[in-house]
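Below is the file coords-v7.pdb, which contains PDB, C-alpha atoms.
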ATOM      1  CA  MET A1096       9.482 -10.819 -43.327
ATOM      2  CA  SER A1097       7.664  -7.783 -42.049
ATOM      3  CA  GLU A1098       9.246  -5.382 -39.591
ATOM      4  CA  ARG A1099       6.914  -6.638 -36.851
ATOM      5  CA  GLU A1100       8.040 -10.235 -37.402
ATOM      6  CA  ILE A1101      11.691  -9.179 -37.306
ATOM      7  CA  MET A1102      11.144  -7.250 -34.060
ATOM      8  CA  ASN A1103       9.317 -10.190 -32.511
ATOM      9  CA  ALA A1104      12.105 -12.530 -33.574
ATOM     10  CA  LYS A1105      14.789 -10.253 -32.090
ATOM     11  CA  PHE A1106      13.043  -9.041 -28.965
ATOM     12  CA  GLY A1107      10.265 -11.533 -28.394
ATOM     13  CA  SER A1108      12.246 -13.285 -25.675
ATOM     14  CA  LEU A1109      12.724  -9.984 -23.838
ATOM     15  CA  ASN A1110       8.988  -9.365 -23.747
ATOM     16  CA  LYS A1111       8.417 -12.842 -22.337
ATOM     17  CA  LYS A1112      11.056 -12.285 -19.657
ATOM     18  CA  ARG A1113       9.387  -9.083 -18.550
ATOM     19  CA  LYS A1114       6.103 -10.870 -17.976
ATOM     20  CA  ASP A1115       7.622 -13.884 -16.216
ATOM     21  CA  TRP A1116       7.999 -12.063 -12.907
ATOM     22  CA  GLU A1117       4.406 -10.796 -12.835
ATOM     23  CA  TYR A1118       1.927 -12.744 -10.756
ATOM     24  CA  SER A1119      -1.580 -13.281 -12.037
ATOM     25  CA  ASP A1120      -3.163 -12.495  -8.662
ATOM     26  CA  THR A1121      -1.232  -9.239  -8.162
ATOM     27  CA  LYS A1122      -2.520  -6.118  -9.820
ATOM     28  CA  VAL A1123      -1.143  -2.641  -9.313
ATOM     29  CA  THR A1124      -3.792  -0.014  -9.735
ATOM     30  CA  PRO A1125      -3.131   3.666  -9.194
ATOM     31  CA  LYS A1126      -5.132   5.258  -6.418
ATOM     32  CA  ILE A1127      -6.957   8.128  -8.024
ATOM     33  CA  ASP A1128      -9.535   8.592  -5.289
ATOM     34  CA  HIS A1129      -7.851  11.805  -4.226
ATOM     35  CA  MET A1130      -5.944  13.680  -6.874
ATOM     36  CA  PRO A1131      -4.235  16.871  -5.686
ATOM     37  CA  ASP A1132      -5.515  20.121  -7.108
ATOM     38  CA  GLN A1133      -2.541  21.232  -9.191
ATOM     39  CA  TYR A1134      -3.751  24.803  -9.599
ATOM     40  CA  ARG A1135      -4.162  25.401  -5.835
ATOM     41  CA  HIS A1136      -0.859  23.639  -5.143
ATOM     42  CA  LYS A1137       0.915  25.977  -7.562
ATOM     43  CA  GLN A1138      -0.771  29.057  -6.118
ATOM     44  CA  LEU A1139       0.126  28.107  -2.549
ATOM     45  CA  SER A1140       3.682  27.343  -3.628
ATOM     46  CA  LEU A1141       4.043  30.810  -5.165
ATOM     47  CA  ILE A1142       2.552  32.453  -2.064
ATOM     48  CA  LYS A1143       4.907  30.448   0.163
ATOM     49  CA  SER A1144       7.893  31.504  -1.954
ATOM     50  CA  ALA A1145       6.859  35.162  -1.819
ATOM     51  CA  ILE A1146       6.499  35.008   1.976
ATOM     52  CA  ARG A1147       9.937  33.381   2.259
ATOM     53  CA  ILE A1148      11.535  36.074   0.099
ATOM     54  CA  LEU A1149       9.915  38.741   2.261
ATOM     55  CA  GLY A1150      11.026  36.890   5.371
ATOM     56  CA  PHE A1151      14.650  36.705   4.337
ATOM     57  CA  GLY A1152      14.527  40.335   3.213
ATOM     58  CA  ALA A1153      13.120  41.319   6.591
ATOM     59  CA  PHE A1154      16.342  40.175   8.283
ATOM     60  CA  TRP A1155      17.786  43.545   7.251
ATOM     61  CA  PHE A1156      15.215  45.320   9.402
ATOM     62  CA  SER A1157      13.919  43.104  12.191
ATOM     63  CA  PHE A1158      14.761  39.600  13.299
ATOM     64  CA  ASP A1159      11.318  39.175  14.904
ATOM     65  CA  ILE A1160       9.406  40.069  11.736
ATOM     66  CA  ALA A1161      11.683  37.839   9.668
ATOM     67  CA  ALA A1162      11.176  34.888  12.004
ATOM     68  CA  ALA A1163       7.394  35.397  11.975
ATOM     69  CA  LEU A1164       7.311  35.511   8.160
ATOM     70  CA  LEU A1165       9.427  32.378   7.832
ATOM     71  CA  ILE A1166       7.208  30.529  10.306
ATOM     72  CA  LEU A1167       4.157  31.696   8.336
ATOM     73  CA  ALA A1168       5.789  30.413   5.136
ATOM     74  CA  GLU A1169       6.210  26.987   6.719
ATOM     75  CA  ILE A1170       2.562  26.946   7.791
ATOM     76  CA  VAL A1171       1.544  27.795   4.219
ATOM     77  CA  GLY A1172       3.884  25.003   3.053
ATOM     78  CA  ILE A1173       2.036  22.500   5.237
ATOM     79  CA  GLY A1174      -1.249  23.691   3.723
ATOM     80  CA  GLU A1175       0.299  23.362   0.271
ATOM     81  CA  GLU A1176       1.060  19.686   0.860
ATOM     82  CA  LEU A1177      -2.462  19.016   2.130
ATOM     83  CA  VAL A1178      -4.127  20.341  -1.025
TER      84      VAL A1178
END

Structure encoded using C-alpha cells:
Amino acid sequence: MSEREIMNAKFGSLNKKRKDWEYSDTKVTPKIDHMPDQYRHKQLSLIKSAIRILGFGAFWFSFDIAAALLILAEIVGIGEELV
C-alpha cells in the first residue's frame, strides 16, 4: 500500500466527518472589497504611540498639555482604525 492509501484508510472517516456539517447552499467567501492599507495603518500606529509617549511624559510639566496630547493620540487612533 502507498502512504496515501494508508492515510486515507486511517483518516478517511475524519475527512468525511468534517464535510458532513457543511451545507451545499452555504458558502463562506471572504469580503475583500475593502482591504485595509497595512502600511498606513502601521504608520498611524507609530505616530499614535509617539504622541502617547509624549503625552505621558508631559505629565511632568503640564497636565493640560498632557491631556491634549492624549486626546490627540485617541483621535489619531480612530483614524488608524478607519484606514

| note | note - CA of Gln1138 in chain A and CA of Val1171 in chain A are separated by 10.7 Å

| task | Take CA of Glu1176 in chain A and CA of Asp1159 in chain A and report the distance between them in Å, one decimal. | result |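 Calculated distance between CA of Glu1176 in chain A and CA of Asp1159 in chain A is 26.1 Å.
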
| query | What is the distance between CA of Asp1132 in chain A and CA of Ile1146 in chain A, in Å to one decimal? | reply |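 It comes out at 21.2 Å.
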
| message | Ranking A:Ile1160, A:Ile1173, A:Leu1165, A:Ala1104 by minimum distance to Arg1147 in chain A and counting all atoms listed in the file, which one comes first? | response |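 Closest candidate: A:Leu1165.
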
Written as a PDB file with C-alpha atoms, in the coordinates of the input, what is the full residue list that the PyMOL selection byres ((chain A and resi 1172) around 10) yields on the file shown?
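Writing done, so here's part-v7.pdb:
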ATOM      1  CA  HIS A1136      -0.859  23.639  -5.143  1.00  0.00           C
ATOM      2  CA  LEU A1139       0.126  28.107  -2.549  1.00  0.00           C
ATOM      3  CA  SER A1140       3.682  27.343  -3.628  1.00  0.00           C
ATOM      4  CA  ILE A1142       2.552  32.453  -2.064  1.00  0.00           C
ATOM      5  CA  LYS A1143       4.907  30.448   0.163  1.00  0.00           C
ATOM      6  CA  SER A1144       7.893  31.504  -1.954  1.00  0.00           C
ATOM      7  CA  ILE A1166       7.208  30.529  10.306  1.00  0.00           C
ATOM      8  CA  LEU A1167       4.157  31.696   8.336  1.00  0.00           C
ATOM      9  CA  ALA A1168       5.789  30.413   5.136  1.00  0.00           C
ATOM     10  CA  GLU A1169       6.210  26.987   6.719  1.00  0.00           C
ATOM     11  CA  ILE A1170       2.562  26.946   7.791  1.00  0.00           C
ATOM     12  CA  VAL A1171       1.544  27.795   4.219  1.00  0.00           C
ATOM     13  CA  ILE A1173       2.036  22.500   5.237  1.00  0.00           C
ATOM     14  CA  GLY A1174      -1.249  23.691   3.723  1.00  0.00           C
ATOM     15  CA  GLU A1175       0.299  23.362   0.271  1.00  0.00           C
ATOM     16  CA  GLU A1176       1.060  19.686   0.860  1.00  0.00           C
ATOM     17  CA  LEU A1177      -2.462  19.016   2.130  1.00  0.00           C
TER      18      LEU A1177
END

| Using only C-alpha atoms, which of the listed residues (A:Ala1145, A:Ala1153, A:Ile1101, A:Val1178) sits closest to Gln1133 in chain A? | A:Val1178
